[in-house]
$ cat model.cif   # mmCIF, C-alpha atoms and all ligand atoms
data_structure
#
loop_
_atom_site.label_atom_id
_atom_site.label_comp_id
_atom_site.auth_asym_id
_atom_site.auth_seq_id
_atom_site.Cartn_x
_atom_site.Cartn_y
_atom_site.Cartn_z
CA MET A 344 33.85 -20.38 137.22
CA ASP A 345 31.98 -22.58 134.83
CA LYS A 346 31.42 -19.78 132.34
CA GLY A 347 35.10 -18.95 132.07
CA PHE A 348 37.37 -19.99 129.23
CA GLU A 349 38.09 -23.31 131.04
CA ALA A 350 34.59 -24.50 130.21
CA PHE A 351 35.63 -24.59 126.56
CA ARG A 352 38.43 -27.08 127.12
CA ILE A 353 41.03 -24.69 125.95
CA THR A 354 44.53 -25.93 126.49
CA ARG A 355 46.43 -24.52 129.44
CA GLN A 356 49.00 -22.63 127.35
CA PHE A 357 46.22 -20.62 125.82
CA THR A 358 44.18 -20.03 128.97
CA ASP A 359 47.41 -18.83 130.59
CA ALA A 360 47.95 -16.49 127.66
CA LEU A 361 44.38 -15.22 127.97
CA THR A 362 44.89 -14.61 131.68
CA ALA A 363 48.09 -12.73 130.87
CA MET A 364 46.01 -10.61 128.50
CA GLY A 365 43.66 -9.89 131.40
CA LEU A 366 40.79 -11.94 129.93
CA THR A 367 38.90 -14.46 132.01
CA GLU A 368 35.33 -14.58 130.74
CA PRO A 369 34.56 -15.14 127.08
CA THR A 370 32.43 -12.50 125.40
CA GLU A 371 29.04 -13.35 123.94
CA ILE A 372 30.35 -13.92 120.42
CA GLN A 373 33.21 -16.04 121.75
CA LYS A 374 30.79 -18.23 123.68
CA MET A 375 28.65 -18.71 120.61
CA ALA A 376 31.38 -19.21 118.02
CA MET A 377 33.96 -21.29 119.87
CA VAL A 378 32.03 -24.52 120.27
CA PRO A 379 31.03 -24.98 116.61
CA ALA A 380 34.40 -23.72 115.41
CA MET A 381 36.29 -26.08 117.73
CA SER A 382 34.20 -29.00 116.56
CA GLY A 383 35.33 -28.32 113.00
CA GLN A 384 32.19 -26.73 111.61
CA ASP A 385 32.12 -23.75 109.30
CA VAL A 386 31.02 -20.63 111.12
CA LEU A 387 29.39 -17.47 109.90
CA GLY A 388 29.82 -14.79 112.55
CA ILE A 389 28.05 -11.46 112.39
CA ALA A 390 29.99 -9.37 114.82
CA GLU A 391 31.64 -6.01 114.94
CA THR A 392 35.04 -5.09 116.15
CA GLY A 393 34.69 -4.57 119.87
CA SER A 394 32.68 -7.76 120.35
CA GLY A 395 35.76 -9.93 120.88
CA LYS A 396 35.38 -11.59 117.44
CA THR A 397 39.13 -11.87 116.84
CA LEU A 398 39.65 -14.30 119.68
CA ALA A 399 36.35 -16.00 118.81
CA TYR A 400 38.09 -17.39 115.72
CA LEU A 401 41.71 -17.32 116.85
CA ILE A 402 41.22 -19.57 119.88
CA PRO A 403 39.68 -22.45 117.87
CA LEU A 404 42.27 -21.88 115.19
CA VAL A 405 45.31 -22.16 117.48
CA MET A 406 43.81 -25.17 119.24
CA LYS A 407 43.71 -26.95 115.90
CA VAL A 408 47.17 -25.91 114.80
CA LYS A 409 48.71 -26.94 118.07
CA TYR A 410 48.04 -30.60 117.50
CA ALA A 411 49.28 -30.86 113.96
CA ARG A 412 52.47 -29.03 113.40
CA SER A 413 54.06 -29.55 110.01
CA GLY A 414 56.34 -27.73 107.63
CA TYR A 415 53.58 -25.89 105.83
CA VAL A 416 51.05 -23.26 106.62
CA GLN A 417 47.98 -24.68 108.29
CA ALA A 418 45.76 -21.67 108.69
CA ILE A 419 45.29 -18.37 106.91
CA VAL A 420 43.42 -15.38 108.26
CA LEU A 421 42.50 -12.73 105.70
CA GLY A 422 41.55 -9.16 106.52
CA PRO A 423 40.90 -6.10 104.37
CA ALA A 424 43.56 -3.65 105.55
CA LYS A 425 47.09 -3.51 106.85
CA GLU A 426 46.13 -2.01 110.19
CA LEU A 427 43.60 -4.74 110.81
CA VAL A 428 45.89 -7.65 109.91
CA ILE A 429 48.66 -6.19 112.05
CA GLN A 430 46.22 -5.96 114.92
CA ILE A 431 44.98 -9.53 114.45
CA HIS A 432 48.56 -10.71 114.29
CA GLN A 433 49.39 -8.94 117.55
CA VAL A 434 46.52 -10.75 119.29
CA LEU A 435 47.66 -14.02 117.73
CA GLU A 436 51.21 -13.52 118.97
CA ARG A 437 50.00 -12.89 122.49
CA LEU A 438 47.72 -15.90 122.36
CA THR A 439 50.53 -18.19 121.15
CA ALA A 440 53.21 -16.69 123.41
CA ASN A 441 53.56 -19.95 125.40
CA THR A 442 53.78 -22.19 122.32
CA ASP A 443 56.13 -22.70 119.41
CA ILE A 444 53.44 -21.84 116.83
CA ARG A 445 54.97 -19.66 114.13
CA SER A 446 52.96 -16.92 112.53
CA VAL A 447 53.66 -14.15 110.04
CA CYS A 448 51.77 -11.07 109.03
CA LEU A 449 51.70 -10.18 105.32
CA TYR A 450 50.53 -6.87 103.91
CA GLY A 451 51.40 -4.50 101.11
CA GLY A 452 53.01 -1.11 101.18
CA ILE A 453 56.46 -2.47 101.95
CA GLY A 454 58.75 -4.67 99.87
CA PRO A 455 57.94 -8.40 99.99
CA LYS A 456 61.51 -9.50 100.67
CA GLU A 457 61.43 -9.58 104.45
CA GLN A 458 58.03 -11.28 104.47
CA ALA A 459 59.33 -13.88 102.00
CA GLU A 460 62.27 -14.54 104.33
CA GLN A 461 59.91 -15.05 107.25
CA LEU A 462 57.88 -17.52 105.20
CA LYS A 463 61.00 -19.40 104.24
CA ALA A 464 61.83 -19.92 107.91
CA GLY A 465 58.59 -21.90 108.28
CA VAL A 466 55.14 -20.81 109.27
CA ASP A 467 51.99 -22.32 110.79
CA ILE A 468 49.58 -19.39 110.60
CA ILE A 469 49.49 -16.53 108.13
CA VAL A 470 47.55 -13.33 108.75
CA ALA A 471 47.36 -11.36 105.51
CA THR A 472 45.64 -8.97 103.21
CA PRO A 473 44.44 -10.79 100.06
CA GLY A 474 46.68 -8.91 97.61
CA ARG A 475 49.94 -9.55 99.40
CA LEU A 476 49.04 -13.18 100.07
CA LEU A 477 48.49 -13.79 96.35
CA ASP A 478 51.64 -11.90 95.48
CA LEU A 479 53.80 -14.07 97.73
CA TYR A 480 51.93 -17.19 96.66
CA SER A 481 52.59 -16.48 92.99
CA ARG A 482 56.28 -16.02 93.79
CA GLY A 483 56.27 -19.52 95.24
CA HIS A 484 56.72 -18.57 98.88
CA ILE A 485 53.52 -20.10 100.21
CA HIS A 486 52.66 -23.79 100.11
CA THR A 487 49.02 -24.40 100.77
CA LYS A 488 48.69 -28.16 100.61
CA GLU A 489 48.47 -28.51 104.41
CA LEU A 490 46.03 -25.66 104.82
CA ARG A 491 43.06 -26.65 106.94
CA THR A 492 41.49 -23.46 108.12
CA LEU A 493 40.67 -20.26 106.32
CA VAL A 494 39.26 -17.24 108.10
CA LEU A 495 37.80 -14.22 106.35
CA ASP A 496 37.57 -11.34 108.78
CA GLU A 497 35.57 -8.20 108.02
CA ALA A 498 34.20 -9.87 104.92
CA ASP A 499 31.84 -6.97 104.25
CA ARG A 500 34.74 -4.58 104.14
CA MET A 501 36.77 -6.87 101.89
CA LEU A 502 33.95 -6.98 99.38
CA GLU A 503 33.40 -3.25 99.59
CA MET A 504 37.05 -2.77 98.80
CA GLY A 505 36.73 -4.93 95.71
CA PHE A 506 38.62 -8.00 96.92
CA MET A 507 36.11 -10.51 95.52
CA SER A 508 38.20 -11.63 92.57
CA GLN A 509 41.28 -11.98 94.75
CA LEU A 510 39.33 -14.02 97.28
CA ARG A 511 38.14 -16.30 94.46
CA ARG A 512 41.70 -16.74 93.25
CA ILE A 513 42.78 -17.67 96.77
CA LEU A 514 39.95 -20.19 97.05
CA GLU A 515 41.18 -21.77 93.82
CA VAL A 516 44.67 -22.43 95.11
CA ILE A 517 43.90 -23.84 98.54
CA PRO A 518 42.67 -27.32 99.40
CA VAL A 519 38.93 -27.85 99.09
CA LYS A 520 38.80 -29.82 102.30
CA ARG A 521 39.13 -27.23 104.97
CA GLN A 522 37.26 -25.40 107.67
CA ASN A 523 36.02 -21.90 106.90
CA LEU A 524 35.21 -19.14 109.32
CA LEU A 525 33.69 -15.95 108.01
CA PHE A 526 33.19 -12.85 110.14
CA SER A 527 31.46 -9.72 109.05
CA ALA A 528 30.18 -6.64 110.88
CA THR A 529 27.18 -6.35 108.59
CA PHE A 530 25.36 -8.85 106.44
CA PRO A 531 24.40 -7.24 103.13
CA GLU A 532 23.45 -9.34 100.13
CA ARG A 533 26.96 -9.59 98.74
CA VAL A 534 28.25 -11.04 102.00
CA GLU A 535 25.36 -13.47 101.95
CA ASN A 536 26.42 -14.52 98.44
CA LEU A 537 30.02 -14.87 99.51
CA ALA A 538 28.96 -16.96 102.49
CA ALA A 539 26.93 -19.22 100.20
CA GLU A 540 29.95 -19.68 97.94
CA PHE A 541 32.50 -20.05 100.65
CA LEU A 542 30.91 -21.86 103.60
CA GLU A 543 29.48 -25.34 103.95
CA PHE A 544 26.45 -25.69 106.20
CA PRO A 545 27.72 -22.99 108.50
CA THR A 546 26.62 -22.39 112.05
CA ARG A 547 25.48 -18.82 112.20
CA VAL A 548 26.30 -16.79 115.27
CA GLN A 549 25.55 -13.16 115.84
CA SER A 550 26.48 -10.69 118.53
CA ALA A 551 23.56 -8.73 119.90
CA ALA A 552 24.49 -5.23 118.89
CA GLN A 553 24.30 -5.74 115.14
CA GLY A 554 23.08 -2.76 113.18
CA LYS A 555 22.62 -0.62 116.23
CA PRO A 556 25.04 1.35 118.35
CA VAL A 557 25.58 -0.13 121.80
CA GLU A 558 23.55 1.10 124.77
CA ALA A 559 26.58 2.64 126.46
CA LEU A 560 27.03 5.07 123.58
CA ARG A 561 25.73 8.63 123.92
CA GLN A 562 25.18 10.40 120.61
CA GLU A 563 25.08 14.17 120.18
CA TRP A 564 25.02 16.52 117.24
CA TYR A 565 25.56 20.18 116.49
CA GLU A 566 24.31 22.08 113.49
CA ALA A 567 27.31 23.90 112.07
CA ALA A 568 27.32 26.70 109.49
CA ASN A 569 30.39 25.53 107.63
CA PHE A 570 33.71 23.69 107.77
CA ARG A 571 35.68 26.44 109.50
CA SER A 572 33.03 26.81 112.19
CA LYS A 573 33.21 23.06 112.75
CA LEU A 574 36.94 23.39 113.36
CA LEU A 575 36.36 26.20 115.87
CA LEU A 576 33.78 24.08 117.68
CA LEU A 577 36.12 21.10 117.72
CA ILE A 578 38.92 23.18 119.22
CA HIS A 579 36.54 24.54 121.83
CA LEU A 580 35.40 21.03 122.78
CA LEU A 581 38.97 19.74 122.90
CA GLN A 582 40.03 22.62 125.11
CA THR A 583 37.13 22.40 127.53
CA ASN A 584 37.07 18.62 128.02
CA ASP A 585 39.79 16.37 129.33
CA TRP A 586 39.28 13.59 126.78
CA PRO A 587 42.46 11.54 126.49
CA ARG A 588 41.78 9.82 123.12
CA VAL A 589 39.70 11.50 120.47
CA MET A 590 39.09 10.18 116.98
CA VAL A 591 38.02 12.71 114.36
CA PHE A 592 36.49 11.48 111.12
CA CYS A 593 36.58 13.41 107.88
CA SER A 594 35.11 12.40 104.55
CA THR A 595 38.18 12.95 102.38
CA LYS A 596 41.95 12.77 102.63
CA ASP A 597 42.09 16.49 101.90
CA SER A 598 39.79 17.56 104.67
CA ALA A 599 41.50 15.15 107.09
CA THR A 600 44.87 16.69 106.27
CA ARG A 601 43.51 20.21 106.50
CA THR A 602 41.87 19.45 109.85
CA ALA A 603 45.01 17.88 111.31
CA THR A 604 47.20 20.75 110.12
CA TYR A 605 44.82 23.26 111.64
CA LEU A 606 44.50 21.42 114.96
CA ASP A 607 48.24 21.02 115.14
CA ARG A 608 48.62 24.79 115.39
CA GLN A 609 46.20 25.03 118.31
CA ASP A 610 46.66 24.14 121.91
CA VAL A 611 44.84 20.82 121.86
CA GLY A 612 47.60 18.25 122.49
CA GLU A 613 49.37 15.93 120.04
CA VAL A 614 47.57 15.43 116.74
CA ARG A 615 48.16 12.87 113.97
CA VAL A 616 46.41 12.06 110.75
CA ILE A 617 46.09 8.72 108.98
CA HIS A 618 44.56 8.17 105.58
CA ALA A 619 45.16 6.02 102.54
CA ASN A 620 47.96 8.20 101.16
CA LYS A 621 50.03 8.02 104.28
CA GLY A 622 52.99 5.68 104.23
CA GLN A 623 52.78 2.37 105.98
CA ASN A 624 55.13 3.32 108.80
CA ALA A 625 53.48 6.65 109.41
CA ARG A 626 50.14 4.90 109.78
CA ILE A 627 51.40 2.26 112.17
CA ASN A 628 53.35 4.78 114.23
CA ALA A 629 50.38 7.10 114.48
CA LEU A 630 48.13 4.27 115.65
CA ASP A 631 50.66 3.06 118.21
CA ALA A 632 51.15 6.56 119.56
CA PHE A 633 47.38 6.96 119.79
CA ARG A 634 47.10 3.66 121.58
CA THR A 635 49.72 4.55 124.19
CA GLY A 636 48.18 7.97 124.74
CA ALA A 637 51.13 9.93 123.32
CA VAL A 638 48.80 11.23 120.62
CA ARG A 639 45.54 12.73 121.84
CA VAL A 640 43.72 13.43 118.59
CA LEU A 641 43.71 11.04 115.66
CA VAL A 642 42.22 12.46 112.48
CA THR A 643 41.20 9.86 109.92
CA THR A 644 38.93 8.86 107.06
CA ASP A 645 36.65 5.85 106.61
CA VAL A 646 39.22 4.06 104.47
CA THR A 647 41.63 3.50 107.32
CA SER A 648 39.25 3.37 110.23
CA ARG A 649 37.60 0.00 110.08
CA GLY A 650 38.43 -2.58 112.60
CA ILE A 651 40.90 -0.40 114.40
CA ASP A 652 40.82 -1.48 117.99
CA VAL A 653 42.11 1.12 120.37
CA GLU A 654 40.92 0.99 123.93
CA ALA A 655 39.13 3.85 125.63
CA VAL A 656 38.51 6.10 122.63
CA SER A 657 35.99 8.78 123.48
CA PRO A 658 34.60 10.70 121.85
CA VAL A 659 34.39 9.85 118.18
CA VAL A 660 33.82 13.11 116.34
CA ASN A 661 32.21 13.11 112.92
CA LEU A 662 33.56 16.39 111.63
CA GLU A 663 31.94 15.47 108.33
CA LEU A 664 29.19 12.94 107.88
CA PRO A 665 29.78 9.56 106.29
CA SER A 666 27.68 8.69 103.26
CA GLY A 667 25.71 5.89 104.83
CA HIS A 668 24.68 4.31 108.08
CA GLU A 669 27.15 1.43 107.81
CA ASP A 670 30.10 3.79 107.91
CA TYR A 671 28.43 5.71 110.71
CA LEU A 672 28.12 2.51 112.74
CA HIS A 673 31.73 1.62 112.09
CA ARG A 674 32.90 5.05 113.12
CA VAL A 675 30.93 5.22 116.34
CA GLY A 676 31.89 1.60 116.99
CA ARG A 677 35.40 2.89 117.77
CA THR A 678 34.04 4.07 121.11
CA ALA A 679 31.90 2.46 123.84
CA ARG A 680 33.79 -0.80 123.38
CA MET A 681 33.74 -3.77 125.69
CA GLY A 682 31.15 -2.32 128.03
CA ARG A 683 32.80 1.08 128.38
CA GLU A 684 30.78 4.27 128.09
CA GLY A 685 31.35 6.27 124.96
CA LEU A 686 30.37 9.45 123.21
CA ALA A 687 29.88 10.19 119.52
CA ILE A 688 29.57 13.81 118.41
CA THR A 689 28.47 14.74 114.92
CA PHE A 690 28.79 18.14 113.27
CA ALA A 691 26.38 18.59 110.40
CA ASN A 692 25.90 21.47 108.01
CA GLU A 693 22.55 22.21 106.41
CA ALA A 694 22.97 19.50 103.76
CA GLU A 695 24.49 16.90 106.05
CA LYS A 696 21.51 17.25 108.39
CA PHE A 697 19.44 15.28 105.86
CA ASN A 698 21.96 12.54 105.88
CA LEU A 699 22.11 12.44 109.65
CA ILE A 700 18.34 12.10 109.97
CA GLU A 701 18.42 9.14 107.58
CA ILE A 702 21.34 7.51 109.36
CA ILE A 703 19.79 7.81 112.78
CA ALA A 704 16.49 6.43 111.50
CA SER A 705 18.15 3.44 109.90
CA VAL A 706 20.31 2.55 112.90
CA ASP A 707 17.28 2.97 115.14
CA SER A 708 18.81 5.07 117.87
CA THR A 709 18.55 8.54 119.31
CA ILE A 710 20.84 11.51 118.98
CA THR A 711 20.60 14.69 121.01
CA GLU A 712 20.88 18.09 119.36
CA MET A 713 23.27 20.33 121.25
CA PRO A 714 23.10 24.13 121.24
CA TRP A 715 26.01 25.92 119.55
CA PRO A 716 28.17 27.23 122.42
CA ALA A 717 27.88 31.02 122.67
CA GLU A 718 31.64 31.43 123.01
CA VAL A 719 32.36 29.75 119.67
CA PRO A 720 32.24 32.21 116.77
CA ILE A 721 30.69 31.36 113.41
CA ALA A 722 33.43 31.52 110.78
CA PRO A 723 32.99 32.59 107.14
CA ASP A 724 32.52 29.92 104.45
CA LEU A 725 35.43 28.51 102.54
CA PRO A 726 35.52 29.60 98.88
CA GLY A 727 32.84 27.65 97.01
CA GLU A 728 31.55 25.95 100.16
CA ARG A 729 28.09 27.50 100.11
CA GLN A 730 27.57 26.43 96.50
CA GLU A 731 28.61 22.90 97.43
CA VAL A 732 26.05 22.80 100.23
CA LEU A 733 23.30 24.20 98.00
CA ARG A 734 24.12 21.72 95.27
CA GLU A 735 23.96 18.87 97.78
CA LEU A 736 20.67 20.17 99.16
CA ASP A 737 19.27 20.24 95.64
CA ARG A 738 20.43 16.72 95.00
CA ARG A 739 18.76 15.49 98.16
CA ARG A 740 15.51 17.32 97.51
CA LYS A 741 15.41 15.95 93.99
CA ALA A 742 16.04 12.44 95.30
CA ALA A 743 13.14 12.86 97.71
CA ASP A 744 10.89 14.48 95.11
CA PRO A 745 11.75 13.90 91.43
CA THR A 746 9.51 16.78 90.34
CA PHE A 747 11.50 19.26 92.42
CA GLN A 748 13.05 21.99 90.27
CA GLY A 749 16.61 22.44 91.44
CA ALA A 750 16.85 25.90 92.93
CA PHE A 751 20.56 26.09 92.57
CA HIS A 752 21.45 24.52 89.22
CA ASP A 753 18.69 26.13 87.22
CA LYS A 754 19.41 29.58 88.39
CA LYS A 755 23.00 29.17 87.53
CA ARG A 756 22.70 27.56 84.15
CA LYS A 757 20.03 29.54 82.29
CA PRO A 758 21.34 33.04 81.75
CA LEU A 759 24.81 32.03 80.69
CA GLN A 760 24.01 30.82 77.19
CA HIS A 761 21.36 33.18 75.92
CA LYS A 762 22.27 36.51 77.32
CA PRO A 763 22.67 39.17 74.62
CA LYS A 764 25.92 40.56 75.87
CA LYS A 765 26.15 43.54 73.55
CA LYS A 766 22.84 45.07 74.44
CA LEU A 767 23.66 44.98 78.06
CA THR A 768 26.86 46.94 77.68
CA SER A 769 25.35 49.48 75.35
CA LYS A 770 22.44 50.08 77.71
CA LYS A 771 24.82 50.62 80.52
CA LYS A 772 26.68 53.27 78.63
CA ARG A 773 23.69 55.39 78.08
P1 LIG B 1 37.71 -7.54 118.75
O1 LIG B 1 36.23 -7.45 118.61
O2 LIG B 1 38.24 -8.87 118.50
O3 LIG B 1 38.41 -6.48 117.93
O4 LIG B 1 38.08 -7.24 120.29
C1 LIG B 1 37.83 -6.01 120.88
C2 LIG B 1 38.46 -5.87 122.24
O5 LIG B 1 37.90 -6.80 123.14
C3 LIG B 1 39.96 -6.14 122.29
O6 LIG B 1 40.57 -5.04 122.93
C4 LIG B 1 40.10 -7.38 123.11
O7 LIG B 1 41.27 -7.37 123.90
C5 LIG B 1 38.88 -7.37 123.96
N1 LIG B 1 38.44 -8.70 124.35
C6 LIG B 1 38.40 -9.78 123.57
N2 LIG B 1 37.93 -10.84 124.25
C7 LIG B 1 37.65 -10.41 125.49
C8 LIG B 1 37.15 -11.04 126.67
N3 LIG B 1 36.82 -12.32 126.68
N4 LIG B 1 37.01 -10.30 127.80
C9 LIG B 1 37.32 -8.97 127.77
N5 LIG B 1 37.82 -8.33 126.71
C10 LIG B 1 37.98 -9.04 125.57
#

$ encode --input "model.cif" --output "structure tokens"
Amino acid sequence: MDKGFEAFRITRQFTDALTAMGLTEPTEIQKMAMVPAMSGQDVLGIAETGSGKTLAYLIPLVMKVKYARSGYVQAIVLGPAKELVIQIHQVLERLTANTDIRSVCLYGGIGPKEQAEQLKAGVDIIVATPGRLLDLYSRGHIHTKELRTLVLDEADRMLEMGFMSQLRRILEVIPVKRQNLLFSATFPERVENLAAEFLEFPTRVQSAAQGKPVEALRQEWYEAANFRSKLLLLIHLLQTNDWPRVMVFCSTKDSATRTATYLDRQDVGEVRVIHANKGQNARINALDAFRTGAVRVLVTTDVTSRGIDVEAVSPVVNLELPSGHEDYLHRVGRTARMGREGLAITFANEAEKFNLIEIIASVDSTITEMPWPAEVPIAPDLPGERQEVLRELDRRRKAADPTFQGAFHDKKRKPLQHKPKKKLTSKKKR
């Protein structure tokens, strides 16, 4: 077929590897990015995980490395988080399975010794998080003089996570003459600035679904009284549907842990939690088990979720709402991938409802309100939960209308300072 990977003059070893991976037709972003990238141009790719962006830059990259093998690293791919770089590296290993290209994956959370040993043995391509790359570079384990290609993947996320100064330091220590490929799911101003600093006359390519959930995604929401009721609803949904892989998003490590602990005691299948405080191995193991289907429910936070590519996740459950539409898009982007159908279910309390309305408006899509199932009881609030919701409601109303007098704060604050305590007690006595 003329639209297949062969049309891109990809060497046999790699097309064979792609076939072994079950891939025959390039995705849209691959079609758009491969030609300019293979001709040596800088590329700015706006594409989310799920679009096939990893191979869109890895194929041109391995094609280039293949012809010029030397003792030093020739290409570096940078990503924001351990899980993502491990995933990229896995794809790279499969792509280079029929070659003698050597690659290593560098990330923090474990001692650098083993990674330093791997580097010593010789490497052509490094996939790394910025911090660990700089660490090993400053220890003298990485020689960049032969570097010809630099890829920044999930650039938006890297900037959000505060990697700008590390990226600048990396740019300082690598050769100026090189090809740059920058991929980002979104294109806010800071990514635009980074692109201006980092790319030379880039070809811009963009996958269609930017800023909007894909068509194959169904979105539903339930209004929930409180956190405990959300948990009861989640259990009900898990018990009445035969979903094999469910991702549950919480807004904090604490609520993720609490949710996972609670679910674990119910009859809902294997449950795991991953968040930033979890050890490296626990995170990787949980993801692998989720991927193979051994774990049915993966509870997580936004910090660890980005870029995670697990096939056939559905539904994504927002047990708590993210703060903005970008995180919402990332979360729901874990489902309905590569043309599959997907479902995203959001539980919102009275305050979160505001947020949801804003999110849905800014991602320009529709979400269906679902009736609370009659068989699911409404649980009592957690201690302090109602106050939290009221405070948040106040904050939102004030943001919408600066003249709004906070119903919650004012009531609470006033009497405390001026109350004549004595009189009150003496009156009571009479
Ligand atoms: P990515 O956006 O790179 O994270 O890729 C998302 C998913 O798309 C991965 O599971 C890939 O295996 C898959 N994929 C990448 N390229 C193709 C392709 N040309 N055809 C079908 N699936 C693909």

$ closest_atom_pairs --input "model.cif" --of "chain A" --to "ligand LIG 1 (chain B)" --cutoff "6 Å" --atoms "all atoms listed in the file" --output "CSV"
residue,atom,partner,partner_atom,distance
A:Leu366,CA,B:LIG1,N4,4.6
A:Glu368,CA,B:LIG1,N3,4.9
A:Pro369,CA,B:LIG1,N3,3.6
A:Thr370,CA,B:LIG1,N3,4.6
A:Thr392,CA,B:LIG1,O1,3.6
A:Gly393,CA,B:LIG1,O1,3.5
A:Ser394,CA,B:LIG1,O1,4.0
A:Gly395,CA,B:LIG1,O1,3.4
A:Lys396,CA,B:LIG1,O2,4.1
A:Thr397,CA,B:LIG1,O2,3.5
A:Leu398,CA,B:LIG1,O2,5.7
A:Asp652,CA,B:LIG1,O3,5.6
A:Met681,CA,B:LIG1,O5,5.7

$ atom_distance --input "model.cif" --atom1 "CA of Arg445 in chain A" --atom2 "CA of Ala376 in chain A"
23.9 Å

$ closest_residue --input "model.cif" --among "A:Ile402, A:Leu427, A:Leu462, A:Leu502" --to "Leu361 in chain A" --atoms "all atoms listed in the file"
A:Ile402

$ residues_around --input "model.cif" --residues "Arg634 in chain A" --least-positions-apart "5" --cutoff "10 Å" --atoms "all atoms listed in the file" --output "list in words"
Arg588, Asn628, Ala629, Arg639, Asp652, Val653, Glu654, Ala655 and Val656 of chain A

$ atom_distance --input "model.cif" --atom1 "CA of Met364 in chain A" --atom2 "CA of Leu438 in chain A"
8.3 Å

$ atom_distance --input "model.cif" --atom1 "CA of Gly347 in chain A" --atom2 "CA of Arg437 in chain A"
18.7 Å

$ residues_around --input "model.cif" --residues "Ile627 in chain A" --least-positions-apart "3" --cutoff "10 Å" --atoms "all atoms listed in the file" --output "PyMOL selection string"
chain A and resi 425-426+429+617+621-624+630-633

$ closest_residue --input "model.cif" --among "A:Ser594, A:Ala424, A:Leu575, A:Ala637" --to "Ala717 in chain A" --atoms "all atoms listed in the file"
A:Leu575

$ closest_residue --input "model.cif" --among "A:Val516, A:Val642, A:Leu479, A:Leu574" --to "Gln609 in chain A" --atoms "all atoms listed in the file"
A:Leu574

$ residues_around --input "model.cif" --residues "Lys488 in chain A" --least-positions-apart "6" --cutoff "12 Å" --atoms "only C-alpha atoms" --output "VMD selection string"
chain A and resid 413 to 418 515 to 521

$ residues_around --input "model.cif" --residues "range 597-602 of chain A" --least-positions-apart "4" --cutoff "7 Å" --atoms "only C-alpha atoms" --output "MDAnalysis selection string"
chainID A and resid 593 606 616 642:644

$ residues_around --input "model.cif" --residues "Pro455 in chain A" --least-positions-apart "6" --cutoff "12 Å" --atoms "all atoms listed in the file" --output "list in words"
Cys448, Leu449, Gln461, Leu462, Gly474, Arg475, Leu476, Leu477, Asp478, Leu479, Tyr480, Ser481, Arg482 and His484 of chain A

$ write_last_selection --input "model.cif" --atoms "C-alpha atoms" --output "JSON list (two decimals), keeping the file's coordinate frame"
[["chain", "number", "residue", "atom", "x", "y", "z"],
["A", 448, "CYS", "CA", 51.77, -11.07, 109.03],
["A", 449, "LEU", "CA", 51.70, -10.18, 105.32],
["A", 461, "GLN", "CA", 59.91, -15.05, 107.25],
["A", 462, "LEU", "CA", 57.88, -17.52, 105.20],
["A", 474, "GLY", "CA", 46.68, -8.91, 97.61],
["A", 475, "ARG", "CA", 49.94, -9.55, 99.40],
["A", 476, "LEU", "CA", 49.04, -13.18, 100.07],
["A", 477, "LEU", "CA", 48.49, -13.79, 96.35],
["A", 478, "ASP", "CA", 51.64, -11.90, 95.48],
["A", 479, "LEU", "CA", 53.80, -14.07, 97.73],
["A", 480, "TYR", "CA", 51.93, -17.19, 96.66],
["A", 481, "SER", "CA", 52.59, -16.48, 92.99],
["A", 482, "ARG", "CA", 56.28, -16.02, 93.79],
["A", 484, "HIS", "CA", 56.72, -18.57, 98.88]]

$ closest_residue --input "model.cif" --among "A:Leu537, A:Val706, A:Val732, A:Ile419" --to "Ala568 in chain A" --atoms "only C-alpha atoms"
A:Val732

$ residues_near_point --input "model.cif" --point "(36.3, -26.3, 112.2)" --cutoff "10 Å" --atoms "all atoms listed in the file" --output "PyMOL selection string"
chain A and resi 377-386+400+403-404+407+491-493+521-524+545

$ closest_residue --input "model.cif" --among "A:Val408, A:Ala390, A:Ala679, A:Ile703" --to "Thr354 in chain A" --atoms "only C-alpha atoms"
A:Val408

$ closest_residue --input "model.cif" --among "A:Lys573, A:His432, A:Arg533, A:Lys456" --to "Leu725 in chain A" --atoms "only C-alpha atoms"
A:Lys573

$ decode --input "model.cif" --residues "range 714-719 of chain A" --atoms "N, CA and C atoms" --output "PDB file, in the first residue's frame"
ATOM      1  N   PRO A 714     -28.313  10.254  36.177  1.00  0.00           N
ATOM      2  CA  PRO A 714     -29.041  10.271  37.452  1.00  0.00           C
ATOM      3  C   PRO A 714     -28.316   9.411  38.491  1.00  0.00           C
ATOM      4  N   TRP A 715     -28.346   9.834  39.738  1.00  0.00           N
ATOM      5  CA  TRP A 715     -27.735   9.046  40.815  1.00  0.00           C
ATOM      6  C   TRP A 715     -28.498   7.722  40.924  1.00  0.00           C
ATOM      7  N   PRO A 716     -27.832   6.585  40.856  1.00  0.00           N
ATOM      8  CA  PRO A 716     -28.573   5.321  40.906  1.00  0.00           C
ATOM      9  C   PRO A 716     -29.293   5.145  42.244  1.00  0.00           C
ATOM     10  N   ALA A 717     -30.556   4.741  42.190  1.00  0.00           N
ATOM     11  CA  ALA A 717     -31.375   4.650  43.398  1.00  0.00           C
ATOM     12  C   ALA A 717     -30.771   3.706  44.431  1.00  0.00           C
ATOM     13  N   GLU A 718     -30.049   2.679  43.948  1.00  0.00           N
ATOM     14  CA  GLU A 718     -29.533   1.690  44.904  1.00  0.00           C
ATOM     15  C   GLU A 718     -28.251   2.143  45.604  1.00  0.00           C
ATOM     16  N   VAL A 719     -27.726   3.296  45.228  1.00  0.00           N
ATOM     17  CA  VAL A 719     -26.510   3.774  45.893  1.00  0.00           C
ATOM     18  C   VAL A 719     -26.884   4.786  46.988  1.00  0.00           C
TER      19      VAL A 719
END
